[in-house]
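Source file: model23.cif (mmCIF, C-alpha atoms)
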data_protein
loop_
_atom_site.label_atom_id
_atom_site.label_comp_id
_atom_site.auth_asym_id
_atom_site.auth_seq_id
_atom_site.Cartn_x
_atom_site.Cartn_y
_atom_site.Cartn_z
CA THR A 1 -13.66 2.85 -4.25
CA ASN A 2 -11.96 -0.19 -5.75
CA VAL A 3 -12.42 0.43 -9.46
CA GLY A 4 -10.37 -2.62 -10.43
CA ARG A 5 -11.54 -6.10 -11.38
CA SER A 6 -10.02 -7.93 -8.40
CA VAL A 7 -10.70 -7.96 -4.68
CA SER A 8 -8.29 -5.67 -2.85
CA GLN A 9 -7.02 -7.82 0.04
CA SER A 10 -5.36 -6.64 3.27
CA THR A 11 -5.98 -3.04 2.24
CA THR A 12 -4.19 -0.40 4.32
CA LEU A 13 -4.51 3.38 4.15
CA ILE A 14 -1.60 5.42 5.54
CA ASP A 15 -1.44 9.20 5.98
CA VAL A 16 1.79 10.77 7.25
CA TRP A 17 1.77 14.54 7.71
CA PRO A 18 4.10 16.66 5.60
CA ALA A 19 7.04 18.07 7.58
CA SER A 20 5.61 21.59 7.32
CA ALA A 21 2.25 20.67 8.87
CA TYR A 22 1.47 21.52 12.46
CA GLU A 23 -1.94 19.92 12.46
CA PHE A 24 -2.59 16.38 13.60
CA ALA A 25 -5.36 13.80 13.48
CA SER A 26 -7.16 13.64 16.79
CA ALA A 27 -9.57 10.87 15.73
CA ALA A 28 -9.97 8.53 12.76
CA SER A 29 -12.58 5.90 11.96
CA SER A 30 -13.76 4.01 8.91
CA SER A 31 -16.91 2.32 7.63
CA GLN A 32 -14.93 -0.96 7.62
CA GLY A 33 -11.88 -2.03 9.63
CA THR A 34 -9.97 -0.06 12.25
CA CYS A 35 -7.93 3.15 12.37
CA THR A 36 -5.23 4.45 14.71
CA THR A 37 -3.86 7.97 15.08
CA SER A 38 -0.54 9.44 16.17
CA PHE A 39 1.05 12.88 16.19
CA ALA A 40 2.58 12.08 12.78
CA GLY A 41 -0.68 11.03 11.06
CA PHE A 42 -2.97 8.01 10.98
CA SER A 43 -3.40 4.57 9.43
CA CYS A 44 -6.38 2.32 8.76
CA SER A 45 -6.51 -1.45 8.24
CA LEU A 46 -9.47 -1.79 5.88
CA GLY A 47 -9.40 -5.51 5.05
CA SER A 48 -10.82 -6.74 1.74
CA ILE A 49 -12.61 -4.41 -0.68
CA PRO A 50 -14.52 -6.08 -3.55
CA PRO A 51 -14.55 -4.66 -7.08
CA GLN A 52 -16.67 -1.47 -7.07
CA GLY A 53 -16.74 -1.64 -3.25
CA SER A 54 -16.10 1.50 -1.20
CA VAL A 55 -14.82 2.27 2.27
CA ARG A 56 -15.19 5.71 3.85
CA VAL A 57 -12.57 7.07 6.22
CA PHE A 58 -13.45 9.89 8.62
CA VAL A 59 -10.73 11.98 10.28
CA SER A 60 -10.98 14.84 12.79
CA TYR A 61 -8.12 17.34 12.78
CA THR A 62 -6.96 19.70 15.50
CA VAL A 63 -4.93 22.76 14.56
CA PRO A 64 -3.24 24.55 17.47
CA ALA A 65 -4.37 28.17 17.92
CA ASN A 66 -0.85 29.54 17.42
CA VAL A 67 -0.51 28.17 13.86
CA LEU A 68 -0.67 30.80 11.12
CA PRO A 69 -2.85 30.12 8.06
CA GLN A 70 -0.92 28.18 5.44
CA SER A 71 -1.40 25.87 2.49
CA VAL A 72 -0.31 22.26 3.02
CA THR A 73 -0.28 19.43 0.47
CA ASN A 74 -1.14 16.06 1.96
CA THR A 75 -0.87 12.66 0.24
CA VAL A 76 -2.59 9.48 1.40
CA ASN A 77 -1.18 6.06 0.42
CA VAL A 78 -3.35 2.98 -0.10
CA ARG A 79 -1.69 -0.44 -0.21
CA ASN A 80 -2.92 -3.99 -0.64
CA GLN A 81 -1.58 -7.52 -1.16
CA CYS A 82 -0.82 -8.07 -4.86
CA ALA A 83 -4.34 -7.85 -6.27
CA LEU A 84 -3.85 -7.36 -9.99
CA ASN A 85 -5.81 -4.73 -11.88
CA THR A 86 -6.84 -2.91 -8.71
CA THR A 87 -6.96 0.87 -8.76
CA TYR A 88 -8.64 3.39 -6.48
CA SER A 89 -10.51 6.62 -6.88
#

Before we go any further, please render this structure as structure tokens.
Amino acid sequence: TNVGRSVSQSTTLIDVWPASAYEFASAASSSQGTCTTSFAGFSCSLGSIPPQGSVRVFVSYTVPANVLPQSVTNTVNVRNQCALNTTYS
């Protein structure tokens, strides 16, 4: 959700797996724009998001059977083209 006062233009979401993760995205899609996956993560080009507008991203993960249970911290980055006062939730 764009909780800012400006339109978020050329919005991109990028998720790169932590080095300790063995899992990978096998499919990604969004309610707006396009997504691509790779062994290292996924990215989505979401276009413009108006103030209070939302885009949902859906990702399927595959974890190989030989991976032991573990806790992994994952961070997703959202970027846009210089829209002032734009924050995300």

Residues proximal to (-6.6, -0.6, -0.3) were defined as those with any atom within 8 Å of that point in the file's coordinates, counting only C-alpha atoms. Which are they, as a PDB file with C-alpha atoms, keeping the file's coordinate frame?
ATOM      1  CA  ASN A   2     -11.960  -0.190  -5.750  1.00  0.00           C
ATOM      2  CA  SER A   8      -8.290  -5.670  -2.850  1.00  0.00           C
ATOM      3  CA  GLN A   9      -7.020  -7.820   0.040  1.00  0.00           C
ATOM      4  CA  SER A  10      -5.360  -6.640   3.270  1.00  0.00           C
ATOM      5  CA  THR A  11      -5.980  -3.040   2.240  1.00  0.00           C
ATOM      6  CA  THR A  12      -4.190  -0.400   4.320  1.00  0.00           C
ATOM      7  CA  LEU A  13      -4.510   3.380   4.150  1.00  0.00           C
ATOM      8  CA  LEU A  46      -9.470  -1.790   5.880  1.00  0.00           C
ATOM      9  CA  GLY A  47      -9.400  -5.510   5.050  1.00  0.00           C
ATOM     10  CA  SER A  48     -10.820  -6.740   1.740  1.00  0.00           C
ATOM     11  CA  ILE A  49     -12.610  -4.410  -0.680  1.00  0.00           C
ATOM     12  CA  VAL A  78      -3.350   2.980  -0.100  1.00  0.00           C
ATOM     13  CA  ARG A  79      -1.690  -0.440  -0.210  1.00  0.00           C
ATOM     14  CA  ASN A  80      -2.920  -3.990  -0.640  1.00  0.00           C
ATOM     15  CA  TYR A  88      -8.640   3.390  -6.480  1.00  0.00           C
TER      16      TYR A  88
END

Please evaluate the PyMOL selection byres ((chain A and resi 15) around 10) against the displayed coordinates and give the resulting residues as JSON, numbers by chain. {"A": [13, 14, 16, 17, 18, 25, 37, 40, 41, 42, 43, 44, 74, 75, 76, 77, 78]}

So which residues touch segment 53-56 of chain A within 7 Å, counting all atoms listed in the file, skipping near sequence neighbours fewer than 3 positions away, as a PDB file with C-alpha atoms, keeping the file's coordinate frame?
ATOM      1  CA  THR A   1     -13.660   2.850  -4.250  1.00  0.00           C
ATOM      2  CA  ASN A   2     -11.960  -0.190  -5.750  1.00  0.00           C
ATOM      3  CA  SER A  30     -13.760   4.010   8.910  1.00  0.00           C
ATOM      4  CA  SER A  31     -16.910   2.320   7.630  1.00  0.00           C
ATOM      5  CA  GLN A  32     -14.930  -0.960   7.620  1.00  0.00           C
ATOM      6  CA  ILE A  49     -12.610  -4.410  -0.680  1.00  0.00           C
ATOM      7  CA  PRO A  50     -14.520  -6.080  -3.550  1.00  0.00           C
TER       8      PRO A  50
END

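Distance-wise, atom CA of Val7 of chain A and atom CA of Ser38 of chain A end up 29.0 Å apart.
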
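Residue nearest Ala28 of chain A, chosen from A:Ser6, A:Gln81, A:Gln70, A:Thr62 and counting all atoms listed in the file: A:Thr62.
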
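Across the model, the gap from atom CA of Arg5 of chain A to atom CA of Gly33 of chain A is 21.4 Å.
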
Kindly give the distance, in Å, that separates atom CA of Ser60 of chain A and atom CA of Ala27 of chain A, rounded to a single decimal. 5.1 Å

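Shell of Ser29 of chain A at 6 Å, with only C-alpha atoms counted and residues fewer than 5 places along the chain excluded, is Cys35, Val57 and Phe58 of chain A.
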